[in-house]
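Engineer: Following this line is work.txt, made up of compact mmCIF, C-alpha atoms:
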# COMPACT_ATOMS: atom_id res chain seq x y z
CA MET A 23 3.43 -19.02 -32.42
CA LYS A 24 4.38 -18.88 -36.10
CA GLY A 25 6.12 -15.66 -37.06
CA ARG A 26 6.02 -12.40 -35.19
CA ARG A 27 2.68 -11.65 -33.53
CA ARG A 28 1.22 -8.31 -32.49
CA CYS A 29 0.04 -7.27 -29.03
CA GLU A 30 -3.74 -7.55 -28.71
CA LEU A 31 -3.96 -4.14 -27.00
CA CYS A 32 -1.41 -1.76 -28.51
CA LYS A 33 -0.45 -3.65 -31.71
CA GLY A 34 3.21 -3.53 -30.72
CA ILE A 35 5.48 -6.59 -30.94
CA ALA A 36 4.08 -9.38 -28.74
CA ALA A 37 6.45 -10.83 -26.14
CA VAL A 38 4.24 -13.23 -24.17
CA TYR A 39 1.13 -15.35 -24.64
CA CYS A 40 -1.39 -15.68 -21.80
CA GLU A 41 -3.38 -18.92 -22.01
CA ALA A 42 -6.02 -17.74 -19.52
CA ASP A 43 -6.75 -14.59 -21.55
CA ALA A 44 -6.00 -16.23 -24.92
CA ALA A 45 -4.02 -13.10 -25.76
CA PHE A 46 -0.61 -12.09 -27.07
CA LEU A 47 0.80 -9.09 -25.19
CA CYS A 48 3.90 -6.88 -25.26
CA TRP A 49 5.85 -6.36 -22.02
CA PRO A 50 4.23 -3.03 -21.00
CA CYS A 51 0.69 -4.29 -21.69
CA ASP A 52 1.45 -7.56 -19.89
CA ALA A 53 2.49 -5.57 -16.79
CA ARG A 54 -0.67 -3.44 -16.92
CA VAL A 55 -3.05 -6.36 -17.46
CA HIS A 56 -1.53 -8.74 -14.94
CA GLY A 57 -0.88 -6.04 -12.37
CA ALA A 58 -4.60 -5.29 -12.12
CA ASN A 59 -5.24 -7.59 -9.18
CA PHE A 60 -3.98 -10.61 -7.27
CA LEU A 61 -6.03 -13.13 -9.26
CA VAL A 62 -4.92 -12.15 -12.75
CA ALA A 63 -1.33 -11.92 -11.48
CA ARG A 64 -1.45 -15.71 -11.13
CA HIS A 65 -1.90 -16.23 -14.87
CA LEU A 66 0.94 -18.20 -16.45
CA ARG A 67 2.38 -16.63 -19.60
CA ARG A 68 4.75 -18.19 -22.12
CA ILE A 69 7.61 -16.02 -23.36
CA ALA A 70 8.17 -15.78 -27.11
CA CYS A 71 11.66 -16.62 -28.42
CA ALA A 72 13.44 -13.40 -29.36
CA GLU A 73 14.69 -14.93 -32.63
CA CYS A 74 12.07 -17.33 -34.05
CA HIS A 75 9.12 -16.21 -31.86
CA ALA A 76 8.29 -19.80 -30.85
CA LEU A 77 6.45 -20.53 -27.59
CA ASP A 78 7.19 -23.46 -25.31
CA ASP A 79 6.64 -24.52 -21.70
CA ALA A 80 10.31 -24.05 -20.77
CA ARG A 81 9.95 -20.26 -20.68
CA ILE A 82 7.05 -19.30 -18.39
CA ILE A 83 6.45 -16.32 -16.09
CA SER A 84 3.70 -15.41 -13.65
CA GLY A 85 3.03 -12.55 -11.30
CA ALA A 86 2.09 -8.92 -11.74
CA GLY A 87 4.71 -8.17 -14.39
CA SER A 88 8.34 -8.54 -15.30
CA PRO A 89 11.11 -6.42 -16.78
CA PRO A 90 11.57 -7.18 -20.51
CA ILE A 91 13.29 -10.56 -20.92
CA ARG A 92 15.19 -11.55 -24.06
CA SER A 93 14.63 -15.29 -24.13
CA LEU A 94 15.82 -17.80 -26.74
CA CYS A 95 14.37 -21.24 -27.38
CA GLY A 96 16.59 -24.33 -27.34
CA SER A 97 16.94 -24.38 -31.14
CA CYS A 98 18.11 -20.78 -31.34
CA ARG A 99 20.64 -21.30 -28.53
CA ARG A 100 22.40 -24.20 -30.28
CA SER A 101 25.84 -23.63 -31.84
CA PRO A 102 26.20 -23.91 -35.65
CA PRO A 103 27.08 -27.53 -36.65
CA GLU A 104 30.13 -26.55 -38.77
CA GLU A 105 32.13 -25.42 -35.73
CA THR A 106 35.02 -27.62 -34.62
CA ALA A 107 34.86 -29.79 -31.52
CA SER A 108 37.19 -27.51 -29.59
CA SER A 109 35.24 -24.41 -30.49
CA ASP A 110 32.02 -26.25 -29.58
CA SER A 111 33.46 -26.99 -26.15
CA SER A 112 34.53 -23.42 -25.50
CA SER A 113 31.23 -22.17 -26.90
CA CYS A 114 29.30 -24.41 -24.48
CA VAL A 115 31.24 -23.00 -21.54
CA SER A 116 30.76 -19.46 -22.79
CA THR A 117 27.05 -20.05 -23.42
CA ALA A 118 26.56 -21.56 -19.96
CA ASP A 119 28.34 -18.62 -18.35
CA SER A 120 26.39 -16.07 -20.35
CA GLU A 121 23.12 -17.88 -19.67
CA SER A 122 23.86 -17.90 -15.94
CA ALA A 123 24.74 -14.21 -16.04
CA ARG A 124 21.57 -13.46 -18.01
CA ARG A 125 19.40 -15.33 -15.51
CA GLY A 126 21.11 -13.53 -12.64
CA ALA A 127 20.49 -10.16 -14.28
CA GLU A 128 16.83 -11.05 -14.90
CA GLU A 129 16.32 -12.14 -11.30
CA GLN A 130 18.04 -8.99 -10.05
CA GLY A 131 15.78 -6.86 -12.24
CA ILE A 132 12.68 -8.62 -10.95
CA LEU A 133 13.76 -8.14 -7.33
CA VAL A 134 14.51 -4.43 -7.85
CA ASN A 135 11.11 -3.97 -9.49
CA TRP A 136 9.33 -5.71 -6.60
CA ALA A 137 11.29 -3.76 -3.98
CA ARG A 138 10.38 -0.46 -5.64
CA ARG A 139 6.72 -1.45 -5.71
CA MET A 140 7.01 -2.20 -2.01
CA GLY A 141 7.97 1.45 -1.51
CA LEU A 142 11.63 0.97 -0.58
CA GLY A 143 12.94 3.74 -2.84
CA ASP A 144 15.66 3.42 -5.48
CA PRO A 145 18.85 2.99 -3.38
CA GLY A 146 17.15 0.75 -0.83
CA SER A 147 15.52 -1.34 -3.57
CA ARG A 148 18.83 -2.06 -5.28
CA ARG A 149 20.60 -2.85 -2.02
CA CYS A 150 17.89 -5.19 -0.80
CA ALA A 151 17.72 -6.88 -4.22
CA ALA A 152 21.50 -7.42 -4.13
CA ALA A 153 21.30 -8.81 -0.58
CA ALA A 154 18.41 -11.11 -1.56
CA THR A 155 20.38 -12.38 -4.56
CA ARG A 156 23.41 -13.14 -2.39
CA VAL A 157 21.51 -15.11 0.24
CA LEU A 158 19.49 -17.00 -2.38
CA ARG A 159 22.69 -17.97 -4.20
CA ALA A 160 24.39 -19.01 -0.95
CA CYS A 161 21.44 -21.22 0.04
CA SER A 162 20.40 -22.44 -3.41
CA GLY A 163 21.43 -26.02 -2.65
CA LYS A 164 19.03 -26.15 0.28
CA MET A 165 16.09 -24.58 -1.60
CA THR A 166 15.96 -26.88 -4.63
CA ALA A 167 12.32 -27.85 -4.06
CA THR A 168 11.20 -24.21 -3.90
CA PRO A 169 9.80 -22.66 -7.13
CA LEU A 170 11.93 -19.79 -8.40
CA ARG A 171 9.29 -17.08 -7.93
CA VAL A 172 8.63 -18.22 -4.35
CA GLY A 173 12.35 -18.31 -3.65
CA LEU A 174 12.81 -14.78 -5.01
CA ALA A 175 9.92 -13.43 -2.93
CA ALA A 176 11.22 -15.20 0.21
CA ALA A 177 14.77 -13.91 -0.32
CA LEU A 178 13.55 -10.34 -0.79
CA TRP A 179 11.41 -10.58 2.36
CA PHE A 180 14.46 -11.98 4.18
CA ALA A 181 16.48 -8.91 3.14
CA VAL A 182 13.64 -6.46 3.89
CA LYS A 183 13.20 -7.88 7.40
CA ARG A 184 16.85 -7.21 8.11
CA ARG A 185 16.34 -3.68 6.92
CA GLY A 186 13.85 -3.29 9.77
CA THR A 187 10.85 -2.38 7.59
CA CYS A 188 8.86 -5.62 7.69
CA GLU A 189 5.42 -4.28 8.57
CA GLY A 190 2.36 -6.02 7.19
CA ALA A 191 1.77 -3.42 4.47
CA ARG A 192 5.10 -4.27 2.84
CA LEU A 193 4.35 -7.99 2.95
CA ARG A 194 0.98 -7.37 1.30
CA ALA A 195 2.71 -5.25 -1.35
CA LEU A 196 5.19 -8.07 -2.01
CA GLU A 197 2.30 -10.53 -2.27
CA LEU A 198 0.59 -8.37 -4.88
CA CYS A 199 3.62 -7.66 -7.04
CA SER A 200 5.10 -11.18 -6.91
CA GLY A 201 1.86 -13.15 -7.15
CA VAL A 202 3.03 -15.36 -4.26
CA PRO A 203 0.60 -15.67 -1.28
CA ALA A 204 1.86 -13.93 1.86
CA LYS A 205 1.62 -17.11 3.95
CA LEU A 206 3.80 -18.95 1.48
CA ILE A 207 6.34 -16.10 1.48
CA VAL A 208 6.55 -16.24 5.29
CA VAL A 209 7.00 -20.02 5.33
CA ALA A 210 9.64 -19.96 2.58
CA GLU A 211 11.47 -17.06 4.25
CA SER A 212 11.61 -19.02 7.49
CA ARG A 213 13.18 -21.96 5.63
CA LEU A 214 15.61 -19.63 3.92
CA ALA A 215 16.60 -18.02 7.23
CA ARG A 216 17.34 -21.44 8.73
CA ALA A 217 19.36 -22.42 5.65
CA ALA A 218 21.27 -19.13 5.87
CA ARG A 219 22.16 -19.79 9.49
CA ARG A 220 23.32 -23.30 8.68
CA ALA A 221 25.32 -22.06 5.71
CA ARG A 222 26.83 -19.37 7.93
CA VAL A 223 26.03 -16.53 5.58
CA GLY A 224 28.39 -14.17 7.32
CA GLU A 225 27.14 -10.86 5.99
CA GLU A 226 25.06 -9.78 8.96
CA LYS A 227 27.57 -7.05 9.87
CA GLU A 228 28.43 -5.87 6.36
CA GLY A 229 26.07 -7.13 3.64
CA TRP A 230 22.81 -6.56 5.50
CA ALA A 231 24.09 -3.21 6.74
CA GLU A 232 24.05 -2.08 3.09
CA CYS A 233 20.28 -2.47 3.18
CA ARG A 234 19.86 0.00 6.05
Could you show the structure in this file as structure tokens?
Structural biologist:
Amino acid sequence: MKGRRRCELCKGIAAVYCEADAAFLCWPCDARVHGANFLVARHLRRIACAECHALDDARIISGAGSPPIRSLCGSCRRSPPEETASSDSSSCVSTADSESARRGAEEQGILVNWARRMGLGDPGSRRCAAAATRVLRACSGKMTATPLRVGLAAALWFAVKRRGTCEGARLRALELCSGVPAKLIVVAESRLARAARRARVGEEKEGWAECR
């Protein structure tokens, strides 16, 4: 992707490129197109760098849609070469912290969006998203082989089940908005629940109560 490209549908600034559709799309059009059905939600899209607009395989999303993500390629994240060694060191720490915080905020936004589309309402969506983020973080070492999107869907289902609203309709809604098959969500959630028990995630009385 050389230079800034325009969205194929609305002519706004393109944010992603879908290989399957051979189309550049902005965030709102991406959500509309890939939220149409379960099959198109599986399309992999590469995110354009917010600075140089380059595309690479390190920044990929799938599913029915995502909140706007400001993503930088590796070149644009590098520190200027004229900085001193000490400033480089502190910059690396700061960049790692900010990158971790950015990823956490992105994941939280995705979970809130999915929870709302499951019909949990605004307060319940935020609480379940926060609970899902906590359990996923606590068990991350035991879920290393699980793709991020599957892990997010499983963690949200884990939190929703503890809210007592785990009927089939909500699982189907999560399947549609996440792009993860329901059977895979159930299997991954079962693994996550076992990992949570082993890790003694002790928020059953307080943290999960926030989701009620």
Engineer: Pick out the closest residue to Ile35 in chain A from this set: A:Arg54, A:Gly201, A:Arg220, A:Ala72. Count all atoms listed in the file.
Structural biologist: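 Looking only at the distances to Ile35 in chain A, the closest residue turns out to be A:Ala72.
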Engineer: Of the candidates A:Trp136, A:Ala217, A:Leu193, A:Asp144, which shows the shortest atom-to-atom distance to Val157 in chain A, using all atoms listed in the file?
Structural biologist: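 Among the listed residues, the smallest separation from Val157 in chain A belongs to A:Ala217.
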Engineer: What's the separation between CA of Pro50 in chain A and CA of Ile132 in chain A, in Å to one decimal place?
Structural biologist: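 That distance, rounded to one decimal, is 14.3 Å.
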Engineer: With distances taken over only C-alpha atoms, which of A:Ala37, A:Ala176, A:Cys51, A:Cys32 is nearest to Leu196 in chain A?
Structural biologist: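 Using only C-alpha atoms, the shortest distance to Leu196 in chain A belongs to A:Ala176.
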Engineer: Expressed in Å to a single decimal, how great is the separation between CA of Ala191 in chain A and CA of Asp52 in chain A?
Structural biologist: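 Between CA of Ala191 in chain A and CA of Asp52 in chain A the gap is 24.7 Å.
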Engineer: Residues near Ala86 in chain A, anyone? I mean within 7 Å using only C-alpha atoms, not counting same-chain ones fewer than 6 positions away, as a PDB file with C-alpha atoms, in the frame of the given file.
Structural biologist:
ATOM      1  CA  ALA A  53       2.490  -5.570 -16.790  1.00  0.00           C
ATOM      2  CA  HIS A  56      -1.530  -8.740 -14.940  1.00  0.00           C
ATOM      3  CA  GLY A  57      -0.880  -6.040 -12.370  1.00  0.00           C
ATOM      4  CA  ALA A  63      -1.330 -11.920 -11.480  1.00  0.00           C
ATOM      5  CA  CYS A 199       3.620  -7.660  -7.040  1.00  0.00           C
ATOM      6  CA  SER A 200       5.100 -11.180  -6.910  1.00  0.00           C
ATOM      7  CA  GLY A 201       1.860 -13.150  -7.150  1.00  0.00           C
TER       8      GLY A 201
END
Engineer: Extract, using only C-alpha atoms, all DNA, RNA and protein residues at most 7 Å from range 27-29 of chain A, discarding same-chain residues fewer than 5 positions from it, and format them as a list in words.
Structural biologist: Gly34, Ile35, Ala36, Phe46, Leu47 and Cys48 of chain A
Engineer: Counting all atoms listed in the file, select every polymer residue within 12 Å of (-6.7, -13.0, -8.6) as defined in the file's coordinates, and provide the selection as a list in words.
Structural biologist: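 Checking each residue against the 12 Å limit leaves Ala42, Val55, His56, Gly57, Ala58, Asn59, Phe60, Leu61, Val62, Ala63, Arg64, His65, Ser84, Gly85, Ala86, Glu197, Leu198, Cys199, Gly201, Val202 and Pro203 of chain A.
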Engineer: What does the distance between CA of Ala137 in chain A and CA of Leu206 in chain A come to in Å, to one decimal place?
Structural biologist: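 Those two atoms sit 17.8 Å apart.
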Engineer: Need the shell around Gly173 in chain A: protein/DNA/RNA residues with any atom at most 12 Å away, counting only C-alpha atoms. Skip same-chain ones fewer than 3 positions apart. Format as a PDB file with C-alpha atoms, in the frame of the given file?
Structural biologist:
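Once everything was written out, this is around39.pdb:
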ATOM      1  CA  GLU A 129      16.320 -12.140 -11.300  1.00  0.00           C
ATOM      2  CA  LEU A 133      13.760  -8.140  -7.330  1.00  0.00           C
ATOM      3  CA  ALA A 154      18.410 -11.110  -1.560  1.00  0.00           C
ATOM      4  CA  THR A 155      20.380 -12.380  -4.560  1.00  0.00           C
ATOM      5  CA  VAL A 157      21.510 -15.110   0.240  1.00  0.00           C
ATOM      6  CA  LEU A 158      19.490 -17.000  -2.380  1.00  0.00           C
ATOM      7  CA  ARG A 159      22.690 -17.970  -4.200  1.00  0.00           C
ATOM      8  CA  CYS A 161      21.440 -21.220   0.040  1.00  0.00           C
ATOM      9  CA  SER A 162      20.400 -22.440  -3.410  1.00  0.00           C
ATOM     10  CA  GLY A 163      21.430 -26.020  -2.650  1.00  0.00           C
ATOM     11  CA  LYS A 164      19.030 -26.150   0.280  1.00  0.00           C
ATOM     12  CA  MET A 165      16.090 -24.580  -1.600  1.00  0.00           C
ATOM     13  CA  THR A 166      15.960 -26.880  -4.630  1.00  0.00           C
ATOM     14  CA  ALA A 167      12.320 -27.850  -4.060  1.00  0.00           C
ATOM     15  CA  THR A 168      11.200 -24.210  -3.900  1.00  0.00           C
ATOM     16  CA  PRO A 169       9.800 -22.660  -7.130  1.00  0.00           C
ATOM     17  CA  LEU A 170      11.930 -19.790  -8.400  1.00  0.00           C
ATOM     18  CA  ALA A 176      11.220 -15.200   0.210  1.00  0.00           C
ATOM     19  CA  ALA A 177      14.770 -13.910  -0.320  1.00  0.00           C
ATOM     20  CA  LEU A 178      13.550 -10.340  -0.790  1.00  0.00           C
ATOM     21  CA  TRP A 179      11.410 -10.580   2.360  1.00  0.00           C
ATOM     22  CA  PHE A 180      14.460 -11.980   4.180  1.00  0.00           C
ATOM     23  CA  SER A 200       5.100 -11.180  -6.910  1.00  0.00           C
ATOM     24  CA  VAL A 202       3.030 -15.360  -4.260  1.00  0.00           C
ATOM     25  CA  LEU A 206       3.800 -18.950   1.480  1.00  0.00           C
ATOM     26  CA  ILE A 207       6.340 -16.100   1.480  1.00  0.00           C
ATOM     27  CA  VAL A 208       6.550 -16.240   5.290  1.00  0.00           C
ATOM     28  CA  VAL A 209       7.000 -20.020   5.330  1.00  0.00           C
ATOM     29  CA  ALA A 210       9.640 -19.960   2.580  1.00  0.00           C
ATOM     30  CA  GLU A 211      11.470 -17.060   4.250  1.00  0.00           C
ATOM     31  CA  SER A 212      11.610 -19.020   7.490  1.00  0.00           C
ATOM     32  CA  ARG A 213      13.180 -21.960   5.630  1.00  0.00           C
ATOM     33  CA  LEU A 214      15.610 -19.630   3.920  1.00  0.00           C
ATOM     34  CA  ALA A 215      16.600 -18.020   7.230  1.00  0.00           C
TER      35      ALA A 215
END
Engineer: Name the closest residue to Gly131 in chain A among the candidates A:Ala160, A:Leu31, A:Ala175, A:Ala151; distances are taken between atoms, counting all atoms listed in the file.
Structural biologist: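 Closest residue, counting all atoms listed in the file: A:Ala151.
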Engineer: Give the answer as one residue: which of A:Met140, A:Val172, A:Ala76, A:Ile91 has the shortest atom-to-atom distance to Trp49 in chain A, using only C-alpha atoms?
Structural biologist: A:Ile91
Engineer: For each of A:Ala204, A:Ala218, A:Leu94, A:Cys150, take the minimum atom-to-atom distance to Gly186 in chain A, counting all atoms listed in the file, then give the residue where this is smallest.
Structural biologist: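 Answer, going by the shortest atom-to-atom distance: A:Cys150.
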Engineer: I'd like the neighbourhood of Arg68 in chain A as a PyMOL selection string, where a residue qualifies if any of its atoms comes within 10 Å (using only C-alpha atoms), though same-chain residues fewer than 2 positions away should be ignored.
Structural biologist: chain A and resi 37-41+46+66+70-71+76-84
Engineer: Taking C-alpha atoms for each residue, export the selection above as an mmCIF file, in the frame of the given file.
Structural biologist:
data_model
loop_
_atom_site.group_PDB
_atom_site.id
_atom_site.type_symbol
_atom_site.label_atom_id
_atom_site.label_comp_id
_atom_site.auth_asym_id
_atom_site.auth_seq_id
_atom_site.Cartn_x
_atom_site.Cartn_y
_atom_site.Cartn_z
ATOM 1 C CA ALA A 37 6.450 -10.830 -26.140
ATOM 2 C CA VAL A 38 4.240 -13.230 -24.170
ATOM 3 C CA TYR A 39 1.130 -15.350 -24.640
ATOM 4 C CA CYS A 40 -1.390 -15.680 -21.800
ATOM 5 C CA GLU A 41 -3.380 -18.920 -22.010
ATOM 6 C CA PHE A 46 -0.610 -12.090 -27.070
ATOM 7 C CA LEU A 66 0.940 -18.200 -16.450
ATOM 8 C CA ALA A 70 8.170 -15.780 -27.110
ATOM 9 C CA CYS A 71 11.660 -16.620 -28.420
ATOM 10 C CA ALA A 76 8.290 -19.800 -30.850
ATOM 11 C CA LEU A 77 6.450 -20.530 -27.590
ATOM 12 C CA ASP A 78 7.190 -23.460 -25.310
ATOM 13 C CA ASP A 79 6.640 -24.520 -21.700
ATOM 14 C CA ALA A 80 10.310 -24.050 -20.770
ATOM 15 C CA ARG A 81 9.950 -20.260 -20.680
ATOM 16 C CA ILE A 82 7.050 -19.300 -18.390
ATOM 17 C CA ILE A 83 6.450 -16.320 -16.090
ATOM 18 C CA SER A 84 3.700 -15.410 -13.650
#
Engineer: How would range 30-41 of chain A of the given structure read as a file with all heavy atoms, as a PDB file, in the first residue's frame?
Structural biologist:
ATOM      1  N   GLU A  30     -13.108   1.878  -0.859  1.00  0.00           N
ATOM      2  CA  GLU A  30     -13.781   1.544  -2.119  1.00  0.00           C
ATOM      3  C   GLU A  30     -15.251   1.959  -2.117  1.00  0.00           C
ATOM      4  O   GLU A  30     -15.841   2.198  -3.170  1.00  0.00           O
ATOM      5  CB  GLU A  30     -13.711   0.032  -2.372  1.00  0.00           C
ATOM      6  CG  GLU A  30     -12.313  -0.556  -2.361  1.00  0.00           C
ATOM      7  CD  GLU A  30     -11.560  -0.327  -3.649  1.00  0.00           C
ATOM      8  OE1 GLU A  30     -12.183   0.162  -4.604  1.00  0.00           O
ATOM      9  OE2 GLU A  30     -10.357  -0.631  -3.691  1.00  0.00           O
ATOM     10  N   LEU A  31     -15.863   2.054  -0.928  1.00  0.00           N
ATOM     11  CA  LEU A  31     -17.305   2.304  -0.851  1.00  0.00           C
ATOM     12  C   LEU A  31     -17.653   3.771  -0.617  1.00  0.00           C
ATOM     13  O   LEU A  31     -18.501   4.321  -1.313  1.00  0.00           O
ATOM     14  CB  LEU A  31     -17.920   1.440   0.253  1.00  0.00           C
ATOM     15  CG  LEU A  31     -17.771  -0.075   0.060  1.00  0.00           C
ATOM     16  CD1 LEU A  31     -18.416  -0.819   1.222  1.00  0.00           C
ATOM     17  CD2 LEU A  31     -18.402  -0.516  -1.262  1.00  0.00           C
ATOM     18  N   CYS A  32     -17.010   4.387   0.375  1.00  0.00           N
ATOM     19  CA  CYS A  32     -17.410   5.764   0.723  1.00  0.00           C
ATOM     20  C   CYS A  32     -16.382   6.811   0.344  1.00  0.00           C
ATOM     21  O   CYS A  32     -16.616   8.002   0.529  1.00  0.00           O
ATOM     22  CB  CYS A  32     -17.712   5.854   2.219  1.00  0.00           C
ATOM     23  SG  CYS A  32     -16.227   5.752   3.254  1.00  0.00           S
ATOM     24  N   LYS A  33     -15.206   6.361  -0.157  1.00  0.00           N
ATOM     25  CA  LYS A  33     -14.112   7.243  -0.560  1.00  0.00           C
ATOM     26  C   LYS A  33     -13.465   7.961   0.615  1.00  0.00           C
ATOM     27  O   LYS A  33     -12.717   8.927   0.423  1.00  0.00           O
ATOM     28  CB  LYS A  33     -14.583   8.279  -1.597  1.00  0.00           C
ATOM     29  CG  LYS A  33     -15.239   7.659  -2.828  1.00  0.00           C
ATOM     30  CD  LYS A  33     -14.346   6.603  -3.467  1.00  0.00           C
ATOM     31  CE  LYS A  33     -15.025   5.937  -4.655  1.00  0.00           C
ATOM     32  NZ  LYS A  33     -14.218   4.821  -5.214  1.00  0.00           N
ATOM     33  N   GLY A  34     -13.748   7.481   1.842  1.00  0.00           N
ATOM     34  CA  GLY A  34     -13.034   8.005   3.004  1.00  0.00           C
ATOM     35  C   GLY A  34     -11.636   7.410   3.057  1.00  0.00           C
ATOM     36  O   GLY A  34     -11.208   6.696   2.155  1.00  0.00           O
ATOM     37  N   ILE A  35     -10.904   7.703   4.146  1.00  0.00           N
ATOM     38  CA  ILE A  35      -9.543   7.187   4.286  1.00  0.00           C
ATOM     39  C   ILE A  35      -9.596   5.695   4.585  1.00  0.00           C
ATOM     40  O   ILE A  35     -10.238   5.261   5.534  1.00  0.00           O
ATOM     41  CB  ILE A  35      -8.792   7.920   5.414  1.00  0.00           C
ATOM     42  CG1 ILE A  35      -8.755   9.422   5.126  1.00  0.00           C
ATOM     43  CG2 ILE A  35      -7.385   7.372   5.554  1.00  0.00           C
ATOM     44  CD1 ILE A  35      -8.102   9.785   3.818  1.00  0.00           C
ATOM     45  N   ALA A  36      -8.911   4.889   3.780  1.00  0.00           N
ATOM     46  CA  ALA A  36      -8.909   3.437   3.982  1.00  0.00           C
ATOM     47  C   ALA A  36      -8.078   3.068   5.206  1.00  0.00           C
ATOM     48  O   ALA A  36      -7.040   3.673   5.469  1.00  0.00           O
ATOM     49  CB  ALA A  36      -8.355   2.732   2.749  1.00  0.00           C
ATOM     50  N   ALA A  37      -8.565   2.080   5.958  1.00  0.00           N
ATOM     51  CA  ALA A  37      -7.862   1.631   7.159  1.00  0.00           C
ATOM     52  C   ALA A  37      -7.426   0.185   7.059  1.00  0.00           C
ATOM     53  O   ALA A  37      -6.484  -0.227   7.732  1.00  0.00           O
ATOM     54  CB  ALA A  37      -8.762   1.813   8.388  1.00  0.00           C
ATOM     55  N   VAL A  38      -8.122  -0.617   6.244  1.00  0.00           N
ATOM     56  CA  VAL A  38      -7.795  -2.041   6.113  1.00  0.00           C
ATOM     57  C   VAL A  38      -7.860  -2.452   4.646  1.00  0.00           C
ATOM     58  O   VAL A  38      -8.490  -1.782   3.825  1.00  0.00           O
ATOM     59  CB  VAL A  38      -8.769  -2.930   6.930  1.00  0.00           C
ATOM     60  CG1 VAL A  38      -8.731  -2.578   8.408  1.00  0.00           C
ATOM     61  CG2 VAL A  38     -10.194  -2.826   6.395  1.00  0.00           C
ATOM     62  N   TYR A  39      -7.201  -3.569   4.358  1.00  0.00           N
ATOM     63  CA  TYR A  39      -7.283  -4.155   3.016  1.00  0.00           C
ATOM     64  C   TYR A  39      -7.732  -5.601   3.153  1.00  0.00           C
ATOM     65  O   TYR A  39      -7.117  -6.390   3.883  1.00  0.00           O
ATOM     66  CB  TYR A  39      -5.939  -4.106   2.305  1.00  0.00           C
ATOM     67  CG  TYR A  39      -5.986  -4.750   0.939  1.00  0.00           C
ATOM     68  CD1 TYR A  39      -6.650  -4.125  -0.110  1.00  0.00           C
ATOM     69  CD2 TYR A  39      -5.381  -5.984   0.705  1.00  0.00           C
ATOM     70  CE1 TYR A  39      -6.711  -4.707  -1.368  1.00  0.00           C
ATOM     71  CE2 TYR A  39      -5.434  -6.573  -0.549  1.00  0.00           C
ATOM     72  CZ  TYR A  39      -6.107  -5.934  -1.582  1.00  0.00           C
ATOM     73  OH  TYR A  39      -6.177  -6.511  -2.822  1.00  0.00           O
ATOM     74  N   CYS A  40      -8.824  -5.954   2.477  1.00  0.00           N
ATOM     75  CA  CYS A  40      -9.358  -7.313   2.496  1.00  0.00           C
ATOM     76  C   CYS A  40      -8.902  -8.042   1.233  1.00  0.00           C
ATOM     77  O   CYS A  40      -9.265  -7.649   0.122  1.00  0.00           O
ATOM     78  CB  CYS A  40     -10.887  -7.288   2.570  1.00  0.00           C
ATOM     79  SG  CYS A  40     -11.629  -8.940   2.515  1.00  0.00           S
ATOM     80  N   GLU A  41      -8.087  -9.084   1.433  1.00  0.00           N
ATOM     81  CA  GLU A  41      -7.582  -9.855   0.293  1.00  0.00           C
ATOM     82  C   GLU A  41      -8.728 -10.557  -0.433  1.00  0.00           C
ATOM     83  O   GLU A  41      -8.770 -10.596  -1.663  1.00  0.00           O
ATOM     84  CB  GLU A  41      -6.572 -10.903   0.784  1.00  0.00           C
ATOM     85  CG  GLU A  41      -5.314 -10.325   1.409  1.00  0.00           C
ATOM     86  CD  GLU A  41      -4.301  -9.892   0.372  1.00  0.00           C
ATOM     87  OE1 GLU A  41      -4.567 -10.069  -0.833  1.00  0.00           O
ATOM     88  OE2 GLU A  41      -3.240  -9.371   0.766  1.00  0.00           O
TER      89      GLU A  41
END
